[in-house]
Amino acid sequence: MSEQNTLIVVSNRGPVTYDKVDGRRVERRGGGGLVTALRGVREQHHVIWIASATTDEDRVVAGEAGGGEVVLVAHEAEAYDRYYNVVANPMLWFIQHSLWDQASRPELGLAFHDAWREGYARVNRSFADAVVAALDEHPDATVFFHDYHLYLAPKFVRAARPDALLAHFVHIPWPVDWSVLPEPMRRAVHDGLLANDVVAFHTRRWAQNFERSCEDTVGGTHGTRVTHHPLSVDVAEFERLQASNAVRAAEATLPRPEKLIVRVDRTDPSKNIVRGFHAFAVLLEEHPEWRGRVTMLALLDPSRQSIPEYVEYVADIERAVREVNDRFGPVISVQVADDFPRSVAAYKQYDVLLVNAVSDGLNLVAKEGPLVNQRGGVLVLSENAGAYEELAEWAIGVNPFDVWGQAQALHEALVMEAGERARRADGLRAQVRDRDLSQWIAGLLSDLPRAAA
Ligand code: G6P
């Protein structure tokens, strides 16, 4: 394989993680859209993947002599904690998803300033060192950074290897307003990203916002190419999965009301789960004819429980469910668990899929659900999800803050006549099939001339 085909992928989460069970090393495949997406790249390119060691056994693996295709970087525990739990999540995540309630939060004290320097910058430096070491082995490789954990690393790499080809994919929204972050940090974020040759987003909206915030913060993009390519799903893999025994078994345990509204999310405040429950309550209040006939099934993957804001959000979710169920009977069924087969089972059986995110870089649920749904289900989709740019024509769009509007959208979806439902469901499925992962990969590689060779 030629050197030109080597891609050095850099992301906080890697494609595998290790645990020790009964004295034996067990390998677990990392989840998430990125891992699935890059599997296709690995079929055509030599991929070296640099990621954080996140378990004790990962750290053991990191210490072993390797040179393998997955390089796990063992960061100092305290630096990692500050990087992940203080700066990346919640600070950058909350800024980029417009989640701060700015009348009172955040309050940036010395602890935050220390965390920026001793956590975020330090971990980015370790990543950059690992990238430079990999470039020493593969001097013509293209480096492909991912997401908000790594905004500073490209500049560190650029300083050490001025000719390296660097690209960065930002998977989350890019806001115009970065005023929450103190100016030196705001500048460092932009300068760091602009050390790449290419910066890519899922949608035009985030790419345009990036160009504007570069203009405001550092006076332009200074020759960095800014592009957008929406991520998609592996259609063949989903088709296999939906027919699998695990999914069929999960399907047999789903609630079977006359109408099923489904949502599938991480327990992340950006996903707008509480307002979704409130909207469902408004629906049952304004349209009592639905009481006893429609159930909302919320399958929620517990996320980032080392961060207080995320722990509080789970409590908010539980409270909202109790209130709605106390009022209307057991109309919301919630499962807080990492259970992907059950999510795919629910995708197959929904009448309405609710994706009402406050803000979302793309949202893969909006693509995965329609791909396997068997009931002509209707997608109710936030205008602030990146996927809306592609799917609006076949979805019912909602403003994520407008709870009353979401209730109307749920009603509209529930009463929609079969022909119209089928037209929309077919449109969504065709769009996801046509613009599948191979297109995302081809688009990205066309921005990276040497890698595409
Ligand atoms: C989003 C981010 C990813 C992140 C994932 C899960 O999709 O874009 O970078 O890995 O959430 O979050 P976690 O904090 O568990 O890695």
# chains A, B, ... in the order shown; residues from 1 in each chain; ligands from 1

call {"tool": "closest_atom_pairs", "arguments": {"of": "chain A", "to": "ligand 1", "cutoff": "10 Å", "atoms": "only C-alpha atoms and all ligand atoms", "output": "CSV"}}
result
residue,atom,partner,partner_atom_place_in_ligand_line,distance
A:Ser11,CA,ligand 1,9 (O),7.5
A:Asn12,CA,ligand 1,10 (O),6.9
A:Arg13,CA,ligand 1,10 (O),5.7
A:Gly14,CA,ligand 1,10 (O),8.8
A:Gly30,CA,ligand 1,10 (O),9.4
A:Gly31,CA,ligand 1,6 (C),8.4
A:Gly32,CA,ligand 1,5 (C),6.6
A:Gly33,CA,ligand 1,7 (O),7.2
A:Leu34,CA,ligand 1,3 (C),7.8
A:Val35,CA,ligand 1,10 (O),9.5
A:Thr54,CA,ligand 1,16 (O),10.0
A:Tyr84,CA,ligand 1,14 (O),7.8
A:Asn85,CA,ligand 1,14 (O),9.1
A:Ala88,CA,ligand 1,14 (O),8.8
A:Asn89,CA,ligand 1,14 (O),7.3
A:Pro90,CA,ligand 1,14 (O),9.7
A:Trp93,CA,ligand 1,2 (C),8.8
A:His146,CA,ligand 1,9 (O),7.2
A:Asp147,CA,ligand 1,9 (O),5.6
A:Tyr148,CA,ligand 1,9 (O),7.1
A:His149,CA,ligand 1,9 (O),7.5
A:Leu150,CA,ligand 1,9 (O),9.9
A:Phe169,CA,ligand 1,8 (O),9.9
A:Val170,CA,ligand 1,8 (O),7.7
A:His171,CA,ligand 1,8 (O),4.9
A:Ile172,CA,ligand 1,8 (O),5.7
A:Pro173,CA,ligand 1,8 (O),9.4
A:Arg266,CA,ligand 1,6 (C),8.1
A:Asp268,CA,ligand 1,11 (O),9.1
A:Asp301,CA,ligand 1,15 (O),9.8
A:Pro302,CA,ligand 1,15 (O),9.0
A:Ser303,CA,ligand 1,15 (O),5.9
A:Arg304,CA,ligand 1,14 (O),5.7
A:Gln305,CA,ligand 1,15 (O),9.4
A:Ser306,CA,ligand 1,14 (O),9.9
A:Asp360,CA,ligand 1,8 (O),9.2
A:Gly361,CA,ligand 1,8 (O),7.7
A:Leu362,CA,ligand 1,7 (O),9.2
A:Asn363,CA,ligand 1,7 (O),8.5
A:Leu364,CA,ligand 1,7 (O),9.2

call {"tool": "closest_atom_pairs", "arguments": {"of": "range 192-264 of chain A", "to": "range 386-398 of chain A", "cutoff": "8 Å", "atoms": "only C-alpha atoms", "output": "Markdown table"}}
result
| residue | atom | partner | partner_atom | distance |
| --- | --- | --- | --- | --- |
| A:His202 | CA | A:Gly386 | CA | 6.7 |
| A:Thr203 | CA | A:Gly386 | CA | 6.0 |
| A:Arg205 | CA | A:Gly386 | CA | 8.0 |
| A:Pro230 | CA | A:Ala387 | CA | 7.7 |

call {"tool": "closest_residue", "arguments": {"among": "A:Phe144, A:Phe280, A:Phe238, A:Trp49", "to": "Trp404 in chain A", "atoms": "only C-alpha atoms"}}
result
A:Phe280

call {"tool": "residues_around", "arguments": {"residues": "Ala279 in chain A", "least_positions_apart": "5", "cutoff": "12 Å", "atoms": "only C-alpha atoms", "output": "PyMOL selection string"}}
result
chain A and resi 261+272-274+284-287+296+320-321+324+332+354+356+398-411

call {"tool": "select_by_dssp", "arguments": {"residues": "range 174-421 of chain A", "states": "strand (DSSP E or B)", "output": "PyMOL selection string"}}
result
chain A and resi 198-201+225-228+259-266+294-301+332-336+352-355+360+378-382+385+396-398

call {"tool": "write_last_selection", "arguments": {"atoms": "C-alpha atoms", "output": "PDB file, in the first residue's frame"}}
result
ATOM      1  CA  VAL A 198      -9.246  21.899   5.572  1.00  0.00           C
ATOM      2  CA  VAL A 199     -11.968  22.369   8.201  1.00  0.00           C
ATOM      3  CA  ALA A 200     -15.210  20.503   7.506  1.00  0.00           C
ATOM      4  CA  PHE A 201     -18.702  20.473   9.051  1.00  0.00           C
ATOM      5  CA  ARG A 225     -10.507  25.621   3.081  1.00  0.00           C
ATOM      6  CA  VAL A 226     -13.919  25.408   4.798  1.00  0.00           C
ATOM      7  CA  THR A 227     -16.292  22.725   3.518  1.00  0.00           C
ATOM      8  CA  HIS A 228     -19.367  20.758   4.520  1.00  0.00           C
ATOM      9  CA  LYS A 259     -49.796   4.765  18.094  1.00  0.00           C
ATOM     10  CA  LEU A 260     -46.170   4.800  19.208  1.00  0.00           C
ATOM     11  CA  ILE A 261     -44.077   7.972  19.428  1.00  0.00           C
ATOM     12  CA  VAL A 262     -40.365   7.156  19.799  1.00  0.00           C
ATOM     13  CA  ARG A 263     -37.299   9.149  20.710  1.00  0.00           C
ATOM     14  CA  VAL A 264     -33.726   7.795  20.920  1.00  0.00           C
ATOM     15  CA  ASP A 265     -31.032  10.001  22.427  1.00  0.00           C
ATOM     16  CA  ARG A 266     -28.089  10.290  24.739  1.00  0.00           C
ATOM     17  CA  VAL A 294     -50.712   6.785  22.173  1.00  0.00           C
ATOM     18  CA  THR A 295     -47.532   6.016  24.136  1.00  0.00           C
ATOM     19  CA  MET A 296     -44.219   7.851  24.026  1.00  0.00           C
ATOM     20  CA  LEU A 297     -41.224   5.509  24.248  1.00  0.00           C
ATOM     21  CA  ALA A 298     -37.960   7.260  25.191  1.00  0.00           C
ATOM     22  CA  LEU A 299     -34.806   5.155  24.854  1.00  0.00           C
ATOM     23  CA  LEU A 300     -32.047   7.147  26.487  1.00  0.00           C
ATOM     24  CA  ASP A 301     -28.385   6.266  26.546  1.00  0.00           C
ATOM     25  CA  ILE A 332     -44.413   7.736  28.771  1.00  0.00           C
ATOM     26  CA  SER A 333     -42.218   4.669  28.913  1.00  0.00           C
ATOM     27  CA  VAL A 334     -38.548   5.464  29.566  1.00  0.00           C
ATOM     28  CA  GLN A 335     -35.479   3.300  29.519  1.00  0.00           C
ATOM     29  CA  VAL A 336     -32.132   4.811  30.528  1.00  0.00           C
ATOM     30  CA  VAL A 352     -43.778   9.136  14.925  1.00  0.00           C
ATOM     31  CA  LEU A 353     -40.064   9.716  15.537  1.00  0.00           C
ATOM     32  CA  LEU A 354     -39.394  12.829  17.608  1.00  0.00           C
ATOM     33  CA  VAL A 355     -36.022  14.552  17.147  1.00  0.00           C
ATOM     34  CA  ASP A 360     -27.299  19.357  16.833  1.00  0.00           C
ATOM     35  CA  VAL A 378     -43.424  10.331  10.382  1.00  0.00           C
ATOM     36  CA  LEU A 379     -40.277  12.249  11.344  1.00  0.00           C
ATOM     37  CA  VAL A 380     -40.766  15.354  13.508  1.00  0.00           C
ATOM     38  CA  LEU A 381     -37.457  17.162  13.226  1.00  0.00           C
ATOM     39  CA  SER A 382     -35.884  20.195  14.881  1.00  0.00           C
ATOM     40  CA  ALA A 385     -30.532  19.798  13.758  1.00  0.00           C
ATOM     41  CA  ILE A 396     -42.419  18.003   9.916  1.00  0.00           C
ATOM     42  CA  GLY A 397     -40.107  20.774  11.099  1.00  0.00           C
ATOM     43  CA  VAL A 398     -40.328  22.125  14.644  1.00  0.00           C
TER      44      VAL A 398
END

call {"tool": "decode", "arguments": {"residues": "range 351-392 of chain A", "atoms": "N, CA and C atoms", "output": "short mmCIF file (atom, residue, chain, number, x, y, z; two decimals), in the first residue's frame"}}
result
data_model
loop_
_atom_site.label_atom_id
_atom_site.label_comp_id
_atom_site.auth_asym_id
_atom_site.auth_seq_id
_atom_site.Cartn_x
_atom_site.Cartn_y
_atom_site.Cartn_z
N ASP A 351 -44.59 5.13 14.95
CA ASP A 351 -45.51 5.87 14.07
C ASP A 351 -45.01 7.31 13.91
N VAL A 352 -44.38 7.80 14.98
CA VAL A 352 -43.78 9.14 14.93
C VAL A 352 -42.40 9.05 15.59
N LEU A 353 -41.41 9.63 14.94
CA LEU A 353 -40.06 9.72 15.54
C LEU A 353 -39.83 11.18 15.88
N LEU A 354 -39.58 11.45 17.17
CA LEU A 354 -39.39 12.83 17.61
C LEU A 354 -37.91 13.12 17.80
N VAL A 355 -37.41 14.07 17.02
CA VAL A 355 -36.02 14.55 17.15
C VAL A 355 -36.13 16.07 17.28
N ASN A 356 -36.12 16.57 18.51
CA ASN A 356 -36.42 18.00 18.72
C ASN A 356 -35.23 18.76 19.31
N ALA A 357 -34.00 18.33 18.99
CA ALA A 357 -32.78 18.88 19.59
C ALA A 357 -32.76 20.41 19.64
N VAL A 358 -32.27 20.96 20.75
CA VAL A 358 -32.03 22.40 20.88
C VAL A 358 -31.12 22.83 19.73
N SER A 359 -30.08 22.01 19.52
CA SER A 359 -29.11 22.25 18.45
C SER A 359 -28.33 20.96 18.29
N ASP A 360 -27.98 20.63 17.06
CA ASP A 360 -27.30 19.36 16.83
C ASP A 360 -26.47 19.48 15.56
N GLY A 361 -25.23 19.01 15.61
CA GLY A 361 -24.37 19.09 14.43
C GLY A 361 -25.04 18.46 13.23
N LEU A 362 -25.58 17.25 13.40
CA LEU A 362 -26.30 16.56 12.33
C LEU A 362 -27.54 15.89 12.90
N ASN A 363 -27.36 14.86 13.69
CA ASN A 363 -28.33 13.95 14.30
C ASN A 363 -28.55 12.73 13.41
N LEU A 364 -27.89 11.65 13.80
CA LEU A 364 -27.98 10.42 13.01
C LEU A 364 -29.28 9.66 13.24
N VAL A 365 -29.93 9.88 14.40
CA VAL A 365 -31.20 9.19 14.66
C VAL A 365 -32.20 9.51 13.54
N ALA A 366 -32.17 10.77 13.08
CA ALA A 366 -33.10 11.20 12.04
C ALA A 366 -32.85 10.48 10.71
N LYS A 367 -31.68 9.86 10.57
CA LYS A 367 -31.40 9.10 9.36
C LYS A 367 -31.59 7.60 9.61
N GLU A 368 -31.16 7.14 10.79
CA GLU A 368 -31.22 5.70 11.09
C GLU A 368 -32.68 5.22 11.15
N GLY A 369 -33.54 6.02 11.83
CA GLY A 369 -34.93 5.60 12.02
C GLY A 369 -35.64 5.36 10.69
N PRO A 370 -35.72 6.39 9.84
CA PRO A 370 -36.44 6.22 8.57
C PRO A 370 -35.88 5.09 7.69
N LEU A 371 -34.60 4.78 7.86
CA LEU A 371 -34.01 3.73 7.03
C LEU A 371 -34.64 2.36 7.30
N VAL A 372 -35.02 2.10 8.56
CA VAL A 372 -35.52 0.75 8.89
C VAL A 372 -36.98 0.73 9.31
N ASN A 373 -37.63 1.89 9.40
CA ASN A 373 -39.01 1.92 9.88
C ASN A 373 -39.95 1.14 8.96
N GLN A 374 -40.91 0.42 9.57
CA GLN A 374 -41.81 -0.43 8.77
C GLN A 374 -43.25 0.02 8.83
N ARG A 375 -43.53 1.18 9.43
CA ARG A 375 -44.93 1.57 9.62
C ARG A 375 -45.28 2.88 8.92
N GLY A 376 -44.47 3.29 7.97
CA GLY A 376 -44.74 4.58 7.33
C GLY A 376 -44.70 5.68 8.37
N GLY A 377 -43.75 5.58 9.30
CA GLY A 377 -43.69 6.53 10.41
C GLY A 377 -43.28 7.92 9.94
N VAL A 378 -43.68 8.93 10.73
CA VAL A 378 -43.42 10.33 10.38
C VAL A 378 -42.29 10.88 11.25
N LEU A 379 -41.39 11.63 10.63
CA LEU A 379 -40.28 12.25 11.34
C LEU A 379 -40.64 13.68 11.73
N VAL A 380 -40.61 13.97 13.02
CA VAL A 380 -40.77 15.35 13.51
C VAL A 380 -39.37 15.83 13.87
N LEU A 381 -38.89 16.85 13.17
CA LEU A 381 -37.46 17.16 13.23
C LEU A 381 -37.18 18.64 13.55
N SER A 382 -36.30 18.84 14.49
CA SER A 382 -35.88 20.20 14.88
C SER A 382 -35.23 20.94 13.71
N GLU A 383 -35.63 22.18 13.57
CA GLU A 383 -34.99 23.02 12.54
C GLU A 383 -33.53 23.29 12.88
N ASN A 384 -33.13 23.06 14.12
CA ASN A 384 -31.75 23.31 14.52
C ASN A 384 -30.87 22.06 14.50
N ALA A 385 -31.37 20.99 13.95
CA ALA A 385 -30.53 19.80 13.76
C ALA A 385 -29.94 19.91 12.35
N GLY A 386 -28.66 19.62 12.22
CA GLY A 386 -28.02 19.72 10.91
C GLY A 386 -28.75 18.90 9.85
N ALA A 387 -29.31 17.77 10.26
CA ALA A 387 -29.99 16.88 9.30
C ALA A 387 -31.18 17.58 8.64
N TYR A 388 -31.70 18.64 9.28
CA TYR A 388 -32.86 19.35 8.72
C TYR A 388 -32.54 19.92 7.34
N GLU A 389 -31.29 20.32 7.15
CA GLU A 389 -30.87 20.88 5.86
C GLU A 389 -31.13 19.87 4.72
N GLU A 390 -30.96 18.60 5.01
CA GLU A 390 -31.15 17.56 3.99
C GLU A 390 -32.56 16.99 3.96
N LEU A 391 -33.22 16.92 5.12
CA LEU A 391 -34.43 16.10 5.24
C LEU A 391 -35.73 16.88 5.36
N ALA A 392 -35.62 18.23 5.39
CA ALA A 392 -36.79 19.06 5.69
C ALA A 392 -38.00 18.72 4.81
#
